[in-house]
>>> print(open('coords-v3.cif').read())   # mmCIF, C-alpha atoms
data_my_file
#
loop_
_atom_site.label_atom_id
_atom_site.label_comp_id
_atom_site.auth_asym_id
_atom_site.auth_seq_id
_atom_site.Cartn_x
_atom_site.Cartn_y
_atom_site.Cartn_z
CA MET A 1 -33.80 -48.24 -26.77
CA LYS A 2 -33.94 -44.92 -28.65
CA LYS A 3 -33.96 -42.94 -25.42
CA VAL A 4 -30.99 -44.94 -24.06
CA PHE A 5 -29.10 -44.43 -27.30
CA LEU A 6 -29.75 -40.68 -27.32
CA ASN A 7 -28.81 -40.33 -23.67
CA ASN A 8 -25.53 -42.15 -24.25
CA GLU A 9 -24.78 -39.86 -27.20
CA ILE A 10 -25.62 -36.78 -25.13
CA TRP A 11 -23.20 -37.89 -22.44
CA THR A 12 -20.47 -38.65 -24.96
CA LEU A 13 -20.81 -35.13 -26.39
CA THR A 14 -21.08 -33.56 -22.94
CA PHE A 15 -17.96 -35.20 -21.50
CA SER A 16 -16.03 -34.55 -24.68
CA ALA A 17 -16.87 -30.84 -24.63
CA ALA A 18 -16.23 -30.44 -20.90
CA PHE A 19 -12.91 -32.29 -20.93
CA GLN A 20 -11.48 -31.37 -24.36
CA ARG A 21 -9.34 -28.39 -23.34
CA ALA A 22 -9.61 -28.58 -19.58
CA ASN A 23 -6.68 -30.88 -18.79
CA VAL A 24 -8.76 -32.62 -16.11
CA TYR A 25 -6.59 -35.68 -15.61
CA SER A 26 -3.42 -35.87 -13.58
CA ASN A 27 -0.78 -38.41 -14.58
CA LYS A 28 -2.08 -41.07 -16.95
CA PRO A 29 -5.22 -42.71 -15.60
CA SER A 30 -6.31 -46.01 -17.07
CA ASP A 31 -9.35 -46.27 -19.32
CA LYS A 32 -11.06 -48.12 -16.47
CA GLN A 33 -10.43 -45.21 -14.07
CA LYS A 34 -11.73 -42.69 -16.62
CA SER A 35 -14.84 -44.79 -17.26
CA LYS A 36 -15.52 -45.08 -13.53
CA LEU A 37 -15.23 -41.31 -13.08
CA LYS A 38 -17.60 -40.60 -15.96
CA SER A 39 -20.05 -43.25 -14.80
CA ASP A 40 -20.11 -41.89 -11.25
CA ILE A 41 -20.58 -38.28 -12.37
CA ARG A 42 -23.25 -39.25 -14.88
CA LYS A 43 -25.21 -41.25 -12.29
CA PHE A 44 -24.93 -38.41 -9.78
CA ILE A 45 -26.21 -35.81 -12.25
CA GLU A 46 -29.02 -38.03 -13.58
CA LYS A 47 -30.19 -39.19 -10.15
CA ASP A 48 -29.54 -36.26 -7.82
CA ILE A 49 -29.44 -33.13 -9.97
CA GLU A 50 -31.42 -33.59 -13.19
CA PRO A 51 -34.79 -34.16 -11.41
CA LEU A 52 -34.47 -30.74 -9.78
CA TYR A 53 -34.89 -29.13 -13.20
CA PHE A 54 -38.10 -30.92 -14.24
CA TYR A 55 -40.39 -28.08 -13.19
CA GLY A 56 -38.60 -25.04 -14.63
CA ASN A 57 -37.96 -21.59 -13.13
CA TYR A 58 -35.02 -22.95 -11.20
CA GLU A 59 -33.30 -20.45 -8.90
CA GLU A 60 -29.92 -19.17 -9.99
CA THR A 61 -28.37 -19.64 -6.53
CA LYS A 62 -29.51 -23.28 -6.47
CA HIS A 63 -28.07 -23.78 -9.95
CA ILE A 64 -24.68 -22.48 -8.75
CA GLU A 65 -24.92 -24.87 -5.76
CA ASN A 66 -25.53 -27.77 -8.15
CA ILE A 67 -22.46 -26.86 -10.19
CA ASN A 68 -20.42 -26.85 -6.98
CA LYS A 69 -21.91 -30.22 -5.97
CA ILE A 70 -20.55 -31.76 -9.16
CA SER A 71 -17.10 -30.45 -8.30
CA LEU A 72 -17.41 -31.93 -4.80
CA LYS A 73 -18.61 -35.26 -6.17
CA SER A 74 -15.57 -35.45 -8.44
CA GLU A 75 -13.32 -35.41 -5.35
CA GLY A 76 -14.08 -39.13 -5.06
CA HIS A 77 -11.67 -39.50 -7.98
CA ALA A 78 -9.01 -37.13 -6.66
CA ASP A 79 -6.26 -39.63 -7.49
CA ILE A 80 -6.77 -39.13 -11.25
CA LEU A 81 -7.83 -35.46 -11.38
CA ASN A 82 -5.69 -32.35 -11.53
CA ASN A 83 -6.12 -30.43 -8.29
CA GLY A 84 -8.05 -33.42 -6.94
CA LYS A 85 -11.42 -32.40 -8.43
CA PHE A 86 -13.20 -30.67 -11.30
CA ASN A 87 -12.90 -26.91 -11.14
CA PHE A 88 -16.00 -24.75 -11.45
CA GLY A 89 -15.48 -24.29 -15.20
CA VAL A 90 -15.54 -28.00 -15.97
CA SER A 91 -18.49 -28.56 -13.64
CA GLN A 92 -20.55 -25.74 -15.18
CA LYS A 93 -19.81 -26.97 -18.68
CA LEU A 94 -20.92 -30.50 -17.75
CA LEU A 95 -24.17 -29.44 -16.14
CA ASN A 96 -25.10 -26.59 -18.45
CA LEU A 97 -24.40 -28.51 -21.65
CA TYR A 98 -26.26 -31.58 -20.42
CA LEU A 99 -29.27 -29.45 -19.46
CA LYS A 100 -29.13 -27.65 -22.81
CA TYR A 101 -29.37 -30.96 -24.66
CA LEU A 102 -32.28 -32.13 -22.49
CA TRP A 103 -34.09 -28.83 -23.03
CA CYS A 104 -33.58 -28.93 -26.80
CA LEU A 105 -35.06 -32.44 -26.78
CA ASP A 106 -38.07 -31.18 -24.76
CA ARG A 107 -37.18 -33.44 -21.84
CA ILE A 108 -36.91 -30.58 -19.32
CA PRO A 109 -38.10 -26.98 -19.19
CA GLU A 110 -35.67 -24.24 -20.07
CA PRO A 111 -32.53 -24.26 -17.90
CA PRO A 112 -31.50 -21.15 -15.95
CA HIS A 113 -28.09 -20.69 -17.60
CA PHE A 114 -26.06 -21.82 -20.60
CA PRO A 115 -22.64 -23.41 -21.11
CA VAL A 116 -20.03 -20.69 -20.77
CA ASP A 117 -17.04 -21.19 -23.02
CA ARG A 118 -14.69 -19.19 -25.22
CA ARG A 119 -16.90 -19.34 -28.30
CA ILE A 120 -19.92 -17.74 -26.64
CA GLN A 121 -17.69 -15.07 -25.07
CA GLU A 122 -16.31 -14.25 -28.52
CA ASN A 123 -19.75 -14.25 -30.15
CA ILE A 124 -21.17 -11.80 -27.60
CA LYS A 125 -17.99 -9.66 -27.64
CA PHE A 126 -17.38 -10.20 -23.92
CA THR A 127 -14.04 -8.80 -22.73
CA PRO A 128 -11.73 -9.74 -21.35
CA ILE A 129 -12.29 -13.32 -22.43
CA VAL A 130 -11.61 -15.64 -19.54
CA SER A 131 -10.78 -19.27 -20.15
CA TRP A 132 -13.71 -21.29 -18.84
CA THR A 133 -11.27 -24.12 -18.13
CA LYS A 134 -9.67 -21.90 -15.48
CA PHE A 135 -12.84 -20.90 -13.58
CA LYS A 136 -12.07 -21.79 -9.95
CA ASP A 137 -15.41 -20.50 -8.69
CA GLU A 138 -18.49 -18.72 -9.98
CA ILE A 139 -16.99 -15.20 -10.10
CA ASP A 140 -15.77 -15.14 -13.74
CA TYR A 141 -18.66 -17.36 -14.82
CA MET A 142 -21.22 -14.96 -13.35
CA LYS A 143 -19.53 -12.00 -15.08
CA VAL A 144 -20.43 -13.62 -18.41
CA ILE A 145 -23.95 -14.54 -17.25
CA ASP A 146 -24.54 -11.00 -15.91
CA TYR A 147 -23.18 -9.48 -19.12
CA VAL A 148 -25.70 -11.47 -21.16
CA LYS A 149 -28.49 -10.39 -18.80
CA GLY A 150 -27.59 -6.82 -19.74
CA ILE A 151 -27.53 -7.29 -23.54
CA LYS A 152 -30.32 -9.79 -24.20
CA LYS A 153 -33.81 -8.68 -25.19
CA PRO A 154 -36.04 -8.22 -22.15
CA ASN A 155 -38.30 -11.15 -23.05
CA ASP A 156 -35.49 -13.54 -24.00
CA SER A 157 -34.19 -16.03 -21.49
CA LEU A 158 -30.48 -16.68 -21.00
CA ALA A 159 -30.77 -20.16 -22.51
CA GLN A 160 -32.66 -18.88 -25.56
CA PHE A 161 -30.17 -16.04 -26.06
CA GLU A 162 -27.23 -18.46 -26.00
CA LEU A 163 -28.94 -20.87 -28.38
CA GLU A 164 -29.42 -18.03 -30.86
CA ASN A 165 -25.86 -16.74 -30.43
CA PHE A 166 -23.95 -20.01 -30.21
CA GLU A 167 -22.30 -20.89 -33.46
CA ARG A 168 -20.13 -23.80 -34.45
CA ARG A 169 -17.37 -23.23 -36.96
CA VAL A 170 -19.47 -24.73 -39.77
CA ARG A 171 -23.14 -23.84 -40.12
CA THR A 172 -25.37 -25.51 -42.66
CA ASP A 173 -28.52 -23.48 -42.01
CA LYS A 174 -27.30 -20.18 -43.49
#
>>> encode(input="coords-v3.cif", output="structure tokens")
Amino acid sequence: MKKVFLNNEIWTLTFSAAFQRANVYSNKPSDKQKSKLKSDIRKFIEKDIEPLYFYGNYEETKHIENINKISLKSEGHADILNNGKFNFGVSQKLLNLYLKYLWCLDRIPEPPHFPVDRRIQENIKFTPIVSWTKFKDEIDYMKVIDYVKGIKKPNDSLAQFELENFERRVRTDK
């Protein structure tokens, strides 16, 4: 039961973060429609994508493909989504944040990337800041990833770098 509870909490946080500023819904979908969308995306990621990350050292190109697969999967709910699907920004936030949580709980090896959002762009002094909610494809996303590759310590991974440089508004460990 503890694992189920934690997984439900992870998904609540993941969907909240990925949807909070992204204006994903068109018109006013019902709670039932929203729940069905989230359930379908969650099942897809858990069943078809998550197992691919169990062994670590996952290729960057495959990771980008997986982000795009989430966007394609969301097309099954085109009637309630703006532009008929998740854009790349929403899809990357969903997958990268979910993988980050799993990694921090030691349930998977280190993921290849990190969730790209405004806060991390500000913290690393990336300019110009591009709204992650507007990423249509991987171009702007990869500019941030490539920037971090150029500033991180040689032995640090991208995920580790982001974990050290991500900061919520209130920190209690300082």
>>> resolve_selection(input="coords-v3.cif", expression="the PyMOL selection byres ((chain A and resi 19) around 12)", output="PDB file with C-alpha atoms, in the coordinates of the input")
ATOM      1  CA  TRP A  11     -23.200 -37.890 -22.440  1.00  0.00           C
ATOM      2  CA  THR A  12     -20.470 -38.650 -24.960  1.00  0.00           C
ATOM      3  CA  LEU A  13     -20.810 -35.130 -26.390  1.00  0.00           C
ATOM      4  CA  THR A  14     -21.080 -33.560 -22.940  1.00  0.00           C
ATOM      5  CA  PHE A  15     -17.960 -35.200 -21.500  1.00  0.00           C
ATOM      6  CA  SER A  16     -16.030 -34.550 -24.680  1.00  0.00           C
ATOM      7  CA  ALA A  17     -16.870 -30.840 -24.630  1.00  0.00           C
ATOM      8  CA  ALA A  18     -16.230 -30.440 -20.900  1.00  0.00           C
ATOM      9  CA  GLN A  20     -11.480 -31.370 -24.360  1.00  0.00           C
ATOM     10  CA  ARG A  21      -9.340 -28.390 -23.340  1.00  0.00           C
ATOM     11  CA  ALA A  22      -9.610 -28.580 -19.580  1.00  0.00           C
ATOM     12  CA  ASN A  23      -6.680 -30.880 -18.790  1.00  0.00           C
ATOM     13  CA  VAL A  24      -8.760 -32.620 -16.110  1.00  0.00           C
ATOM     14  CA  TYR A  25      -6.590 -35.680 -15.610  1.00  0.00           C
ATOM     15  CA  LYS A  34     -11.730 -42.690 -16.620  1.00  0.00           C
ATOM     16  CA  LYS A  38     -17.600 -40.600 -15.960  1.00  0.00           C
ATOM     17  CA  LEU A  81      -7.830 -35.460 -11.380  1.00  0.00           C
ATOM     18  CA  ASN A  82      -5.690 -32.350 -11.530  1.00  0.00           C
ATOM     19  CA  PHE A  86     -13.200 -30.670 -11.300  1.00  0.00           C
ATOM     20  CA  ASN A  87     -12.900 -26.910 -11.140  1.00  0.00           C
ATOM     21  CA  GLY A  89     -15.480 -24.290 -15.200  1.00  0.00           C
ATOM     22  CA  VAL A  90     -15.540 -28.000 -15.970  1.00  0.00           C
ATOM     23  CA  SER A  91     -18.490 -28.560 -13.640  1.00  0.00           C
ATOM     24  CA  GLN A  92     -20.550 -25.740 -15.180  1.00  0.00           C
ATOM     25  CA  LYS A  93     -19.810 -26.970 -18.680  1.00  0.00           C
ATOM     26  CA  LEU A  94     -20.920 -30.500 -17.750  1.00  0.00           C
ATOM     27  CA  TRP A 132     -13.710 -21.290 -18.840  1.00  0.00           C
ATOM     28  CA  THR A 133     -11.270 -24.120 -18.130  1.00  0.00           C
TER      29      THR A 133
END
>>> residues_around(input="coords-v3.cif", residues="Glu162 in chain A", least_positions_apart="3", cutoff="9 Å", atoms="all atoms listed in the file", output="PyMOL selection string")
chain A and resi 113-115+120+148+157-159+165-166
>>> closest_residue(input="coords-v3.cif", among="A:Asn155, A:Thr127, A:Gln121, A:Ser74", to="Ser39 in chain A", atoms="all atoms listed in the file")
A:Ser74
>>> residues_around(input="coords-v3.cif", residues="Lys69 in chain A", least_positions_apart="6", cutoff="10 Å", atoms="only C-alpha atoms", output="list of chain:residue names")
A:Phe44, A:Ile45, A:Asp48, A:Ile49, A:His63, A:Phe88, A:Ser91
>>> residues_around(input="coords-v3.cif", residues="range 50-56 of chain A", least_positions_apart="4", cutoff="9 Å", atoms="all atoms listed in the file", output="PDB file with C-alpha atoms, in the frame of the given file")
ATOM      1  CA  PHE A  44     -24.930 -38.410  -9.780  1.00  0.00           C
ATOM      2  CA  ILE A  45     -26.210 -35.810 -12.250  1.00  0.00           C
ATOM      3  CA  GLU A  46     -29.020 -38.030 -13.580  1.00  0.00           C
ATOM      4  CA  LEU A  95     -24.170 -29.440 -16.140  1.00  0.00           C
ATOM      5  CA  LEU A  99     -29.270 -29.450 -19.460  1.00  0.00           C
ATOM      6  CA  ARG A 107     -37.180 -33.440 -21.840  1.00  0.00           C
ATOM      7  CA  ILE A 108     -36.910 -30.580 -19.320  1.00  0.00           C
ATOM      8  CA  PRO A 109     -38.100 -26.980 -19.190  1.00  0.00           C
ATOM      9  CA  GLU A 110     -35.670 -24.240 -20.070  1.00  0.00           C
ATOM     10  CA  PRO A 111     -32.530 -24.260 -17.900  1.00  0.00           C
ATOM     11  CA  PRO A 112     -31.500 -21.150 -15.950  1.00  0.00           C
TER      12      PRO A 112
END
>>> residues_around(input="coords-v3.cif", residues="range 1-4 of chain A", least_positions_apart="4", cutoff="12 Å", atoms="only C-alpha atoms", output="CSV table (one decimal) with C-alpha atoms, in the coordinates of the input")
chain,number,residue,atom,x,y,z
A,8,ASN,CA,-25.5,-42.2,-24.2
A,9,GLU,CA,-24.8,-39.9,-27.2
A,10,ILE,CA,-25.6,-36.8,-25.1
A,11,TRP,CA,-23.2,-37.9,-22.4
A,102,LEU,CA,-32.3,-32.1,-22.5
A,105,LEU,CA,-35.1,-32.4,-26.8
A,107,ARG,CA,-37.2,-33.4,-21.8
>>> atom_distance(input="coords-v3.cif", atom1="CA of Val144 in chain A", atom2="CA of Tyr101 in chain A")
20.5 Å
>>> atom_distance(input="coords-v3.cif", atom1="CA of Lys47 in chain A", atom2="CA of Asn66 in chain A")
12.5 Å
>>> closest_residue(input="coords-v3.cif", among="A:Phe5, A:Ile67, A:Asp79, A:Glu138", to="Ser30 in chain A", atoms="all atoms listed in the file")
A:Asp79
>>> atom_distance(input="coords-v3.cif", atom1="CA of Asn68 in chain A", atom2="CA of Lys153 in chain A")
29.0 Å
>>> closest_residue(input="coords-v3.cif", among="A:Pro154, A:Phe161, A:Lys100, A:Leu72", to="Ile124 in chain A", atoms="all atoms listed in the file")
A:Phe161
>>> build_atoms(input="coords-v3.cif", residues="range 93-104 of chain A", atoms="all heavy atoms", output="CSV table (one decimal), in the frame of the given file")
chain,number,residue,atom,x,y,z
A,93,LYS,N,-19.7,-26.5,-17.3
A,93,LYS,CA,-19.8,-27.0,-18.7
A,93,LYS,C,-20.6,-28.3,-18.7
A,93,LYS,O,-21.5,-28.5,-19.6
A,93,LYS,CB,-18.4,-27.1,-19.3
A,93,LYS,CG,-18.4,-27.4,-20.8
A,93,LYS,CD,-18.5,-26.2,-21.7
A,93,LYS,CE,-18.3,-26.7,-23.1
A,93,LYS,NZ,-17.5,-25.8,-23.9
A,94,LEU,N,-20.2,-29.2,-17.8
A,94,LEU,CA,-20.9,-30.5,-17.8
A,94,LEU,C,-22.4,-30.3,-17.5
A,94,LEU,O,-23.2,-30.8,-18.3
A,94,LEU,CB,-20.4,-31.4,-16.6
A,94,LEU,CG,-19.1,-32.2,-16.9
A,94,LEU,CD1,-18.6,-32.8,-15.6
A,94,LEU,CD2,-19.4,-33.3,-17.9
A,95,LEU,N,-22.8,-29.6,-16.5
A,95,LEU,CA,-24.2,-29.4,-16.1
A,95,LEU,C,-24.9,-28.6,-17.2
A,95,LEU,O,-26.0,-29.0,-17.6
A,95,LEU,CB,-24.3,-28.8,-14.7
A,95,LEU,CG,-25.8,-28.7,-14.3
A,95,LEU,CD1,-26.5,-30.0,-14.3
A,95,LEU,CD2,-25.8,-28.0,-12.9
A,96,ASN,N,-24.4,-27.5,-17.5
A,96,ASN,CA,-25.1,-26.6,-18.4
A,96,ASN,C,-25.3,-27.2,-19.8
A,96,ASN,O,-26.3,-27.1,-20.4
A,96,ASN,CB,-24.4,-25.2,-18.6
A,96,ASN,CG,-24.6,-24.4,-17.3
A,96,ASN,OD1,-25.7,-24.4,-16.7
A,96,ASN,ND2,-23.6,-23.6,-17.0
A,97,LEU,N,-24.3,-27.9,-20.3
A,97,LEU,CA,-24.4,-28.5,-21.6
A,97,LEU,C,-25.4,-29.7,-21.6
A,97,LEU,O,-26.2,-29.8,-22.5
A,97,LEU,CB,-23.0,-29.0,-22.2
A,97,LEU,CG,-23.0,-29.5,-23.6
A,97,LEU,CD1,-23.6,-28.4,-24.6
A,97,LEU,CD2,-21.6,-29.8,-24.0
A,98,TYR,N,-25.3,-30.5,-20.6
A,98,TYR,CA,-26.3,-31.6,-20.4
A,98,TYR,C,-27.7,-31.1,-20.4
A,98,TYR,O,-28.6,-31.6,-21.1
A,98,TYR,CB,-25.9,-32.4,-19.2
A,98,TYR,CG,-26.8,-33.6,-19.0
A,98,TYR,CD1,-26.9,-34.6,-19.8
A,98,TYR,CD2,-27.7,-33.6,-17.9
A,98,TYR,CE1,-27.7,-35.7,-19.7
A,98,TYR,CE2,-28.6,-34.7,-17.6
A,98,TYR,CZ,-28.6,-35.7,-18.5
A,98,TYR,OH,-29.4,-36.8,-18.4
A,99,LEU,N,-27.9,-30.0,-19.6
A,99,LEU,CA,-29.3,-29.4,-19.5
A,99,LEU,C,-29.7,-28.8,-20.8
A,99,LEU,O,-30.9,-28.9,-21.2
A,99,LEU,CB,-29.3,-28.4,-18.3
A,99,LEU,CG,-29.1,-28.9,-16.9
A,99,LEU,CD1,-29.1,-27.7,-15.9
A,99,LEU,CD2,-30.2,-29.9,-16.5
A,100,LYS,N,-28.8,-28.2,-21.5
A,100,LYS,CA,-29.1,-27.6,-22.8
A,100,LYS,C,-29.6,-28.7,-23.8
A,100,LYS,O,-30.6,-28.6,-24.5
A,100,LYS,CB,-27.9,-26.9,-23.4
A,100,LYS,CG,-28.1,-26.3,-24.8
A,100,LYS,CD,-26.9,-25.7,-25.3
A,100,LYS,CE,-27.0,-25.1,-26.7
A,100,LYS,NZ,-25.8,-24.4,-27.1
A,101,TYR,N,-28.9,-29.8,-23.8
A,101,TYR,CA,-29.4,-31.0,-24.7
A,101,TYR,C,-30.8,-31.5,-24.3
A,101,TYR,O,-31.6,-31.7,-25.1
A,101,TYR,CB,-28.4,-32.1,-24.6
A,101,TYR,CG,-27.1,-31.9,-25.3
A,101,TYR,CD1,-25.9,-32.2,-24.8
A,101,TYR,CD2,-27.1,-31.4,-26.6
A,101,TYR,CE1,-24.7,-32.1,-25.4
A,101,TYR,CE2,-25.9,-31.2,-27.3
A,101,TYR,CZ,-24.7,-31.6,-26.7
A,101,TYR,OH,-23.5,-31.4,-27.4
A,102,LEU,N,-31.0,-31.6,-23.0
A,102,LEU,CA,-32.3,-32.1,-22.5
A,102,LEU,C,-33.4,-31.1,-22.9
A,102,LEU,O,-34.5,-31.5,-23.3
A,102,LEU,CB,-32.3,-32.4,-21.0
A,102,LEU,CG,-31.3,-33.5,-20.5
A,102,LEU,CD1,-31.5,-33.6,-19.0
A,102,LEU,CD2,-31.6,-34.8,-21.2
A,103,TRP,N,-33.1,-29.9,-22.7
A,103,TRP,CA,-34.1,-28.8,-23.0
A,103,TRP,C,-34.4,-28.8,-24.5
A,103,TRP,O,-35.6,-28.8,-24.9
A,103,TRP,CB,-33.6,-27.5,-22.6
A,103,TRP,CG,-34.3,-26.3,-23.1
A,103,TRP,CD1,-35.7,-26.1,-23.0
A,103,TRP,CD2,-33.8,-25.2,-23.8
A,103,TRP,NE1,-36.0,-24.8,-23.5
A,103,TRP,CE2,-34.8,-24.3,-24.0
A,103,TRP,CE3,-32.5,-24.8,-24.2
A,103,TRP,CZ2,-34.7,-23.1,-24.7
A,103,TRP,CZ3,-32.3,-23.6,-24.8
A,103,TRP,CH2,-33.4,-22.7,-25.1
A,104,CYS,N,-33.4,-28.9,-25.4
A,104,CYS,CA,-33.6,-28.9,-26.8
A,104,CYS,C,-34.3,-30.2,-27.3
A,104,CYS,O,-35.0,-30.1,-28.3
A,104,CYS,CB,-32.2,-28.8,-27.5
A,104,CYS,SG,-31.5,-27.2,-27.4
